[in-house]
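A short write-up of the structure that comes next.
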2 protein chains.
Amino acid sequence: MPEEFRVTPWEVTGDIDYDRLQTQFGTTPIDDALKARLEKYGPLHPMIRRGIFYSHRDLDVLLDRYDKGGDFVLYTGRGPSGNTHLGHIMPWMLNKWVQDTFKVDMLFQMTDDEKFLFKEKLDLKDTTSMAYENALDFVALGFDPKRTRIILNTKNIDRLYPIALRVSKKVTFSTAKAVFGFDESTHIGQIFYTTLQSVPAFLPTEENGRQVPVIIPCGIDQDPHFRVTRDVAPGLGYPKPTMLYCKMFPGLSGADKMSSSDENATIYTTDSPKAVKKKVGRAFTGGRVSVEEQRQLGGNPEVCAVFKYNYYLFEPDDEKVNELATKCRNGEILCGECKMCLVERINVFLEGHQDRREKARDVVADMTYDGFEW
Amino acid sequence: MPEEFRVTPWEVTGDIDYDRLQTQFGTTPIDDALKARLEKYGPLHPMIRRGIFYSHRDLDVLLDRYDKGGDFVLYTGRGPSGNTHLGHIMPWMLNKWVQDTFKVDMLFQMTDDEKFLFKEKLDLKDTTSMAYENALDFVALGFDPKRTRIILNTKNIDRLYPIALRVSKKVTFSTAKAVFGFDESTHIGQIFYTTLQSVPAFLPTEENGRQVPVIIPCGIDQDPHFRVTRDVAPGLGYPKPTMLYCKMFPGLSGADKMSSSDENATIYTTDSPKAVKKKVGRAFTGGRVSVEEQRQLGGNPEVCAVFKYNYYLFEPDDEKVNELATKCRNGEILCGECKMCLVERINVFLEGHQDRREKARDVVADMTYDGFEW
């Protein structure tokens with residue numbers, strides 16, 4: 001019997017069965033044929049190759065259009081409720097790959113309103129200022145500054161609100177209840193919020209005065225929002241967005257999703273090398289109780305957070321990552337050694353990232369949607 | 001047994017029992033003592049004297065504050081779903097009296113979003129352009145251009161949205177359901193909308209960085225919105241608004257509320273003298289079946305739309321209006337004569353109003369909140 005799990009845009013708990021989730025949400029697996037098709041546009045991103053981005057809606061439809069010369073826009077986002085961690089930037093890296101591969105414009109939505117509405121203790125001032133810090137991490141990944149615009153909901157609301165109103169007129173409380181699990185005690189800001197997340201999917205069509213679809217690569221936990229977006233799109237005269245969904249980035253504790261609620265199991269982009277060493281040192285692994293036993297029986301990379309970090313982000317070479325798994329299973333590598341190696345990789349990445357993050361301060365002002373001021 | 005009636009911000013039906021409504025909503029009668037107190041600030045407005053503005057919340061609290069030198073701001077509004085009629089401008093006239101009497105700043109909110117959300121067939125473009133036409137009527141009444149700002153929700157949303165979000169976080173669906181009669185089929189835009197109507201009550205405090213209460217003179221049908229506003233105010237650190245409520249302006253058909261759904265019983269501010277003559281000619285009166293009977297038994301001004309128009313708007317002299325009632329009851333005046341007299345009065349008013357309305361086109365651009373462009 002599968003362990004119970006729960007995946008909503010605001011809560012991910014339990015041991016996620018991603019296949020079941022796919023069936024539950026009604027999304028389509030990215031199969032080998034689709035991967036082969038994608039490879040025609042350029043080298044496949046490891047996250048697609050490895051099934052981290054594993055599910056979609058209408059990706060084939062978007063590619064058909066693209067093959068005929070049709071354009072599209074890339075859209076993803078971030079709810080600014082705290083510092084950026086590796087779990088946030090993982091899907092952004094795939095977005096960067098989409099922008100580079102297809103040479104497309106991008107909208108990055110920062111939902112400071114959402115985080116204010118869904119986090120009891122956060123004030124709007126908190127979420128708006130966090131948005132700036134988070135945006136630095138986004139920009140640091142190297143998105144094309146000419147092709148990329150950052151939306152901050154409270155700052156761009158004049159452009160977003162009319163479209164949000166149109167969306168809202170198509171969504172009953174009954175629907176919102178079914179999709180998001182709301183009840184009578186849900187407040188009316190939370191009930192309305194989903195409309196704002198639909199808007200960037202429709203903005204390119206509004207701006208261009210012709211049908212311009214978007215592709216939204218993001219965590220599969222966001223599917224409830226975009227099911228709504230896709231449902232209302234035809235009635236409002238907009239194309240349905242294409243979805244590209246990834247699994248959650250795991251926590252160092254072994255949990256299925258890295259979360260700021262467990263700070264010690266979370267690596268922030270601003271962490272010092274020392275902090276990274278400490279956190280990875282405490283990570284949950286697939287190791288045995290003793291060195292002897294591990295040498296004899298081998299470890300279990302399937303459940304190991306350290307291995308997952310290599311698999312998700314830090315070892316893009318398939319041969320090498322397979323070799324690491326084999327070594328682990330054969331007891332040829334011990335957890336301490338493996339952790340040291342991951343610490344080194346994370347710290348090399350963070351050193352470069354933190355440097356680019358500082359430089360982003362000069363660029364981020366020019367990348368705001370409609371030229372809003374931070 | 002009283003006939004059933006229903007009063008919500010979006011629907012007024014049946015024969016309204018205003019005393020019962022007051023009890024139902026929990027508002028307070030404007031009694032003789034309060035009228036006497038109001039008279040100290042200047043001549044009482046006929047609408048207060050005659051009990052058309054008949055109910056309030058915390059007017060005494062506001063006057064106590066004013067007597068101690070405290071300031072306040074005036075706030076009322078309009079949902080732009082069609083042309084302005086006499087029923088709309090009636091409460092605005094009382095607002096003008098408040099501005100003149102207390103020399104206060106004023107916010108006039110045009111809820112183009114509301115009308116889009118609550119009128120199935122209206123598009124946002126319709127409601128936004130109607131807002132401009134309605135604003136001309138408002139300005140034509142002579143509000144102080146230096147002290148008066150017109151808010152158009154979709155244009156000023158950048159200022160309104162953060163406060164609306166704060167309001168929304170305090171209102172559950174359960175509350176919205178109880179206050180407005182929403183159900184599962186209500187769409188999420190309608191559910192959220194009330195937050196926008198709360199905002200101007202809190203703007204003066206936000207803008208001044210200190211507690212500045214507002215007074216809101218409007219139809220009692222708006223009380224559900226402002227019950228919400230008053231409930232959430234303390235938790236958000238804002239003063240509760242003072243309410244001043246009027247009865248609905250009657251239709252020429254004898255209905256309790258003038259409504260654009262019955263065009264023939266509705267006098268628009270842009271109506272021609274001929275149209276007014278035709279509409280008043282068809283008005284429901286308290287007359288008898290024949291001239292003879294009326295001379296003998298007299299008419300009934302209580303139920304007569306023509307008399308009500310004099311009482312509400314067109315005969316501010318108490319002696320003269322009483323005389324008219326007496327003459328009617330004694331059969332000394334016939335309906336035709338009375339109608340001719342009202343037609344004359346309405347047309348004199350409209351002639352001047354239409355002239356001021358044209359001149360308002362030059363002023364209205366300078367009266368927009370935050371300087372938005374129409």
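Every chain in the structure tokens takes a letter, A first, then B, and so on in the order presented; its residues are numbered from 1, and the ligands are numbered from 1 following the presented order.
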- Item | Secondary structure check, strand (DSSP E or B) residues of region 157-263 of chain B, as number ranges by chain | B: 172, 187, 214-219, 242-246
- Message: With DSSP run on the backbone, what are the alpha helix (DSSP H) residues within region 97-245 of chain A? I'd like them as a VMD selection string.
- Response: chain A and resid 97 to 102 112 to 118 124 to 140 157 to 168 173 to 180 188 to 208 223 to 236
Keeping only C-alpha atoms, take the residues you just selected and write them out as a PDB file, in the first residue's frame.
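Dumped to out_21.pdb:
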ATOM      1  CA  TRP A  97      17.827  25.706 -21.301  1.00  0.00           C
ATOM      2  CA  VAL A  98      14.453  26.346 -22.985  1.00  0.00           C
ATOM      3  CA  GLN A  99      15.339  30.001 -23.567  1.00  0.00           C
ATOM      4  CA  ASP A 100      18.756  29.123 -25.002  1.00  0.00           C
ATOM      5  CA  THR A 101      17.483  26.242 -27.126  1.00  0.00           C
ATOM      6  CA  PHE A 102      14.433  27.943 -28.628  1.00  0.00           C
ATOM      7  CA  ASP A 112       4.550  38.537  -3.548  1.00  0.00           C
ATOM      8  CA  ASP A 113       0.769  38.789  -3.172  1.00  0.00           C
ATOM      9  CA  GLU A 114       0.440  35.004  -3.013  1.00  0.00           C
ATOM     10  CA  LYS A 115       3.012  34.609  -0.280  1.00  0.00           C
ATOM     11  CA  PHE A 116       1.417  37.396   1.738  1.00  0.00           C
ATOM     12  CA  LEU A 117      -1.971  35.695   1.380  1.00  0.00           C
ATOM     13  CA  PHE A 118      -0.851  32.156   2.125  1.00  0.00           C
ATOM     14  CA  LEU A 124       3.450  42.511   2.062  1.00  0.00           C
ATOM     15  CA  LYS A 125       6.588  44.501   2.787  1.00  0.00           C
ATOM     16  CA  ASP A 126       8.392  41.263   3.621  1.00  0.00           C
ATOM     17  CA  THR A 127       7.354  39.461   0.470  1.00  0.00           C
ATOM     18  CA  THR A 128       8.056  42.443  -1.783  1.00  0.00           C
ATOM     19  CA  SER A 129      11.576  42.884  -0.441  1.00  0.00           C
ATOM     20  CA  MET A 130      12.232  39.145  -0.592  1.00  0.00           C
ATOM     21  CA  ALA A 131      11.207  39.269  -4.225  1.00  0.00           C
ATOM     22  CA  TYR A 132      14.218  41.477  -4.957  1.00  0.00           C
ATOM     23  CA  GLU A 133      16.610  39.060  -3.274  1.00  0.00           C
ATOM     24  CA  ASN A 134      15.070  36.111  -5.103  1.00  0.00           C
ATOM     25  CA  ALA A 135      15.232  37.957  -8.416  1.00  0.00           C
ATOM     26  CA  LEU A 136      19.009  38.283  -8.023  1.00  0.00           C
ATOM     27  CA  ASP A 137      19.265  34.491  -7.962  1.00  0.00           C
ATOM     28  CA  PHE A 138      17.098  34.211 -11.020  1.00  0.00           C
ATOM     29  CA  VAL A 139      19.123  36.777 -12.960  1.00  0.00           C
ATOM     30  CA  ALA A 140      22.395  35.173 -11.798  1.00  0.00           C
ATOM     31  CA  ILE A 157      -0.936  44.893 -10.942  1.00  0.00           C
ATOM     32  CA  ASP A 158      -2.222  47.633 -13.265  1.00  0.00           C
ATOM     33  CA  ARG A 159      -1.385  45.402 -16.235  1.00  0.00           C
ATOM     34  CA  LEU A 160      -2.352  42.138 -14.534  1.00  0.00           C
ATOM     35  CA  TYR A 161      -5.640  43.086 -12.874  1.00  0.00           C
ATOM     36  CA  PRO A 162      -7.876  43.462 -15.941  1.00  0.00           C
ATOM     37  CA  ILE A 163      -6.864  40.005 -17.176  1.00  0.00           C
ATOM     38  CA  ALA A 164      -7.179  38.558 -13.671  1.00  0.00           C
ATOM     39  CA  LEU A 165     -10.741  39.918 -13.531  1.00  0.00           C
ATOM     40  CA  ARG A 166     -11.582  38.193 -16.805  1.00  0.00           C
ATOM     41  CA  VAL A 167     -10.205  34.928 -15.456  1.00  0.00           C
ATOM     42  CA  SER A 168     -12.084  35.312 -12.177  1.00  0.00           C
ATOM     43  CA  PHE A 173     -16.031  28.869  -5.828  1.00  0.00           C
ATOM     44  CA  SER A 174     -17.113  25.310  -6.483  1.00  0.00           C
ATOM     45  CA  THR A 175     -14.260  24.887  -8.976  1.00  0.00           C
ATOM     46  CA  ALA A 176     -11.704  26.559  -6.722  1.00  0.00           C
ATOM     47  CA  LYS A 177     -12.802  24.293  -3.879  1.00  0.00           C
ATOM     48  CA  ALA A 178     -12.426  21.158  -5.976  1.00  0.00           C
ATOM     49  CA  VAL A 179      -9.083  22.153  -7.483  1.00  0.00           C
ATOM     50  CA  PHE A 180      -7.339  23.611  -4.433  1.00  0.00           C
ATOM     51  CA  ILE A 188     -11.257  35.502  -0.053  1.00  0.00           C
ATOM     52  CA  GLY A 189      -7.733  36.594  -1.017  1.00  0.00           C
ATOM     53  CA  GLN A 190      -6.628  32.983  -1.258  1.00  0.00           C
ATOM     54  CA  ILE A 191      -9.721  32.163  -3.280  1.00  0.00           C
ATOM     55  CA  PHE A 192      -9.025  34.941  -5.810  1.00  0.00           C
ATOM     56  CA  TYR A 193      -5.259  34.528  -5.997  1.00  0.00           C
ATOM     57  CA  THR A 194      -5.082  31.834  -8.678  1.00  0.00           C
ATOM     58  CA  THR A 195      -6.286  34.373 -11.259  1.00  0.00           C
ATOM     59  CA  LEU A 196      -2.992  36.246 -10.928  1.00  0.00           C
ATOM     60  CA  GLN A 197      -0.996  33.144 -11.721  1.00  0.00           C
ATOM     61  CA  SER A 198      -2.985  32.678 -14.928  1.00  0.00           C
ATOM     62  CA  VAL A 199      -2.256  36.156 -16.220  1.00  0.00           C
ATOM     63  CA  PRO A 200       1.316  35.790 -17.535  1.00  0.00           C
ATOM     64  CA  ALA A 201       0.094  32.837 -19.614  1.00  0.00           C
ATOM     65  CA  PHE A 202      -2.183  35.281 -21.442  1.00  0.00           C
ATOM     66  CA  LEU A 203      -0.027  38.429 -21.474  1.00  0.00           C
ATOM     67  CA  PRO A 204       1.949  37.571 -24.634  1.00  0.00           C
ATOM     68  CA  THR A 205      -1.318  37.208 -26.558  1.00  0.00           C
ATOM     69  CA  GLU A 206      -2.609  40.502 -25.124  1.00  0.00           C
ATOM     70  CA  GLU A 207       0.625  42.333 -25.874  1.00  0.00           C
ATOM     71  CA  ASN A 208       0.953  41.063 -29.407  1.00  0.00           C
ATOM     72  CA  ASP A 223      -0.586  21.958 -11.768  1.00  0.00           C
ATOM     73  CA  PRO A 224      -3.807  22.901  -9.918  1.00  0.00           C
ATOM     74  CA  HIS A 225      -3.258  26.566 -10.857  1.00  0.00           C
ATOM     75  CA  PHE A 226      -2.538  25.801 -14.469  1.00  0.00           C
ATOM     76  CA  ARG A 227      -5.422  23.371 -14.809  1.00  0.00           C
ATOM     77  CA  VAL A 228      -7.578  26.405 -14.061  1.00  0.00           C
ATOM     78  CA  THR A 229      -5.579  28.512 -16.524  1.00  0.00           C
ATOM     79  CA  ARG A 230      -5.998  25.910 -19.239  1.00  0.00           C
ATOM     80  CA  ASP A 231      -9.707  25.489 -18.513  1.00  0.00           C
ATOM     81  CA  VAL A 232     -10.545  29.181 -18.853  1.00  0.00           C
ATOM     82  CA  ALA A 233      -8.193  29.971 -21.756  1.00  0.00           C
ATOM     83  CA  PRO A 234     -10.434  29.049 -24.729  1.00  0.00           C
ATOM     84  CA  GLY A 235     -13.429  30.942 -23.305  1.00  0.00           C
ATOM     85  CA  LEU A 236     -11.297  34.063 -23.014  1.00  0.00           C
TER      86      LEU A 236
END
- After a least-squares superposition of chain A on chain B over all Cα atoms matched in order, what is the RMSD to one decimal? 0.0 Å
- Which neighbours of region 273-286 of chain B fall inside 7 Å, counting only C-alpha atoms, when residues of the same chain fewer than 6 positions from it are skipped, and could you give them as a PyMOL selection string? chain B and resi 252-254+264-265+267+299-301+303-306+339+343+347
- Message: Give me the residues near Tyr312 (chain A) as number ranges by chain, where near means some atom within 12 Å (using only C-alpha atoms) and where sequence neighbours in that chain fewer than 3 positions away do not count.
- Response: A: 45-53, 86-87, 89-91, 93-94, 246-251, 305-309, 315-318, 321
Next, dump the selected residues to file, keeping only C-alpha atoms, as a PDB file, in the first residue's frame.
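Resulting contents of selection.pdb:
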ATOM      1  CA  HIS A  45      18.932  18.765 -20.770  1.00  0.00           C
ATOM      2  CA  PRO A  46      20.007  16.189 -18.141  1.00  0.00           C
ATOM      3  CA  MET A  47      16.854  16.922 -16.115  1.00  0.00           C
ATOM      4  CA  ILE A  48      14.723  15.777 -19.043  1.00  0.00           C
ATOM      5  CA  ARG A  49      17.001  12.870 -19.877  1.00  0.00           C
ATOM      6  CA  ARG A  50      16.837  11.660 -16.289  1.00  0.00           C
ATOM      7  CA  GLY A  51      13.118  12.072 -15.819  1.00  0.00           C
ATOM      8  CA  ILE A  52      13.317  14.940 -13.309  1.00  0.00           C
ATOM      9  CA  PHE A  53      11.245  16.990 -15.724  1.00  0.00           C
ATOM     10  CA  LEU A  86      18.627  24.886  -4.553  1.00  0.00           C
ATOM     11  CA  GLY A  87      15.069  23.582  -4.863  1.00  0.00           C
ATOM     12  CA  ILE A  89      16.801  27.328  -8.883  1.00  0.00           C
ATOM     13  CA  MET A  90      16.634  23.747 -10.178  1.00  0.00           C
ATOM     14  CA  PRO A  91      13.573  24.342 -12.416  1.00  0.00           C
ATOM     15  CA  MET A  93      17.935  26.036 -14.892  1.00  0.00           C
ATOM     16  CA  LEU A  94      15.633  24.066 -17.153  1.00  0.00           C
ATOM     17  CA  CYS A 246       9.376  18.452 -12.681  1.00  0.00           C
ATOM     18  CA  LYS A 247       9.582  16.463  -9.497  1.00  0.00           C
ATOM     19  CA  MET A 248      10.347  18.313  -6.292  1.00  0.00           C
ATOM     20  CA  PHE A 249      13.984  18.864  -5.362  1.00  0.00           C
ATOM     21  CA  PRO A 250      14.634  16.671  -2.321  1.00  0.00           C
ATOM     22  CA  GLY A 251      15.721  17.877   1.100  1.00  0.00           C
ATOM     23  CA  ALA A 305      20.008  12.553  -0.466  1.00  0.00           C
ATOM     24  CA  VAL A 306      23.682  12.962  -1.409  1.00  0.00           C
ATOM     25  CA  PHE A 307      23.262  10.769  -4.459  1.00  0.00           C
ATOM     26  CA  LYS A 308      20.041  12.571  -5.406  1.00  0.00           C
ATOM     27  CA  TYR A 309      21.861  15.913  -5.346  1.00  0.00           C
ATOM     28  CA  GLU A 315      26.745  15.459 -11.860  1.00  0.00           C
ATOM     29  CA  PRO A 316      25.387  16.093 -15.351  1.00  0.00           C
ATOM     30  CA  ASP A 317      27.493  13.296 -16.893  1.00  0.00           C
ATOM     31  CA  ASP A 318      25.316  10.155 -17.111  1.00  0.00           C
ATOM     32  CA  VAL A 321      26.511   9.360 -12.149  1.00  0.00           C
TER      33      VAL A 321
END
- Could you tell me which of A:Gly42, A:Ser81, A:Arg357, A:Asp183 comes closest to chain B if we count only C-alpha atoms?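 Smallest distance to chain B is found for A:Asp183.
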- Determine, counting only C-alpha atoms, which protein, DNA and RNA residues have an atom within 8 Å of an atom of Glu332 (chain B); residues of the same chain fewer than 5 positions away are not included. Present the result as JSON, numbers by chain. {"B": [295, 298, 327]}
- Query: Skipping near chain neighbours, those fewer than 3 positions away, what residues fall within 8 Å of region 9-23 of chain B using only C-alpha atoms, listed as a list in words?
  - Reply: Pro2, Glu3, Glu4, Phe5, Arg6, Gly26, Thr27, Thr28, Pro29, Ser55, Phe118, Asp221, Gln222, Asp223, Pro224, His225, Lys247, Ala255, Asp256 and Lys257 of chain B
Suppose we keep N, CA and C atoms; can you now write the selection as a PDB file, in the first residue's frame?
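What follows is the written file result.pdb:
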ATOM      1  N   PRO B   2     -46.023  41.827   6.116  1.00  0.00           N
ATOM      2  CA  PRO B   2     -45.297  42.675   5.162  1.00  0.00           C
ATOM      3  C   PRO B   2     -44.909  41.895   3.907  1.00  0.00           C
ATOM      4  N   GLU B   3     -44.985  42.586   2.765  1.00  0.00           N
ATOM      5  CA  GLU B   3     -44.581  41.948   1.525  1.00  0.00           C
ATOM      6  C   GLU B   3     -43.078  41.645   1.594  1.00  0.00           C
ATOM      7  N   GLU B   4     -42.662  40.557   0.960  1.00  0.00           N
ATOM      8  CA  GLU B   4     -41.246  40.196   0.992  1.00  0.00           C
ATOM      9  C   GLU B   4     -40.417  41.178   0.157  1.00  0.00           C
ATOM     10  N   PHE B   5     -39.258  41.528   0.659  1.00  0.00           N
ATOM     11  CA  PHE B   5     -38.350  42.368  -0.125  1.00  0.00           C
ATOM     12  C   PHE B   5     -36.931  41.856   0.065  1.00  0.00           C
ATOM     13  N   ARG B   6     -36.058  42.276  -0.848  1.00  0.00           N
ATOM     14  CA  ARG B   6     -34.673  41.809  -0.808  1.00  0.00           C
ATOM     15  C   ARG B   6     -33.779  42.984  -1.189  1.00  0.00           C
ATOM     16  N   GLY B  26     -28.963  46.311  11.444  1.00  0.00           N
ATOM     17  CA  GLY B  26     -28.391  46.767  12.708  1.00  0.00           C
ATOM     18  C   GLY B  26     -27.841  48.174  12.657  1.00  0.00           C
ATOM     19  N   THR B  27     -28.457  49.024  11.829  1.00  0.00           N
ATOM     20  CA  THR B  27     -28.023  50.425  11.778  1.00  0.00           C
ATOM     21  C   THR B  27     -28.912  51.257  12.708  1.00  0.00           C
ATOM     22  N   THR B  28     -28.519  52.507  12.906  1.00  0.00           N
ATOM     23  CA  THR B  28     -29.179  53.344  13.904  1.00  0.00           C
ATOM     24  C   THR B  28     -29.990  54.458  13.233  1.00  0.00           C
ATOM     25  N   PRO B  29     -31.242  54.700  13.679  1.00  0.00           N
ATOM     26  CA  PRO B  29     -32.036  55.777  13.069  1.00  0.00           C
ATOM     27  C   PRO B  29     -31.384  57.146  13.295  1.00  0.00           C
ATOM     28  N   SER B  55     -30.637  56.702   8.285  1.00  0.00           N
ATOM     29  CA  SER B  55     -30.010  55.734   9.168  1.00  0.00           C
ATOM     30  C   SER B  55     -28.502  55.923   9.141  1.00  0.00           C
ATOM     31  N   PHE B 118     -20.178  41.687 -11.978  1.00  0.00           N
ATOM     32  CA  PHE B 118     -21.544  41.351 -11.573  1.00  0.00           C
ATOM     33  C   PHE B 118     -22.565  41.444 -12.701  1.00  0.00           C
ATOM     34  N   ASP B 221     -28.496  49.921   0.594  1.00  0.00           N
ATOM     35  CA  ASP B 221     -28.194  48.627  -0.052  1.00  0.00           C
ATOM     36  C   ASP B 221     -26.704  48.294  -0.023  1.00  0.00           C
ATOM     37  N   GLN B 222     -25.858  49.298   0.238  1.00  0.00           N
ATOM     38  CA  GLN B 222     -24.409  49.071   0.285  1.00  0.00           C
ATOM     39  C   GLN B 222     -23.921  48.628   1.663  1.00  0.00           C
ATOM     40  N   ASP B 223     -24.837  48.535   2.616  1.00  0.00           N
ATOM     41  CA  ASP B 223     -24.402  48.206   3.979  1.00  0.00           C
ATOM     42  C   ASP B 223     -23.645  46.883   4.086  1.00  0.00           C
ATOM     43  N   PRO B 224     -24.020  45.834   3.346  1.00  0.00           N
ATOM     44  CA  PRO B 224     -23.243  44.587   3.464  1.00  0.00           C
ATOM     45  C   PRO B 224     -21.743  44.808   3.232  1.00  0.00           C
ATOM     46  N   HIS B 225     -21.397  45.571   2.184  1.00  0.00           N
ATOM     47  CA  HIS B 225     -19.973  45.861   1.946  1.00  0.00           C
ATOM     48  C   HIS B 225     -19.339  46.529   3.166  1.00  0.00           C
ATOM     49  N   LYS B 247     -32.591  55.949   1.729  1.00  0.00           N
ATOM     50  CA  LYS B 247     -33.526  55.061   1.049  1.00  0.00           C
ATOM     51  C   LYS B 247     -33.240  55.119  -0.450  1.00  0.00           C
ATOM     52  N   ALA B 255     -42.192  51.673  -8.424  1.00  0.00           N
ATOM     53  CA  ALA B 255     -41.266  50.723  -7.794  1.00  0.00           C
ATOM     54  C   ALA B 255     -40.404  51.454  -6.773  1.00  0.00           C
ATOM     55  N   ASP B 256     -39.926  50.699  -5.796  1.00  0.00           N
ATOM     56  CA  ASP B 256     -39.169  51.309  -4.710  1.00  0.00           C
ATOM     57  C   ASP B 256     -37.794  51.805  -5.118  1.00  0.00           C
ATOM     58  N   LYS B 257     -37.292  51.311  -6.236  1.00  0.00           N
ATOM     59  CA  LYS B 257     -35.971  51.758  -6.666  1.00  0.00           C
ATOM     60  C   LYS B 257     -35.954  52.026  -8.162  1.00  0.00           C
TER      61      LYS B 257
END
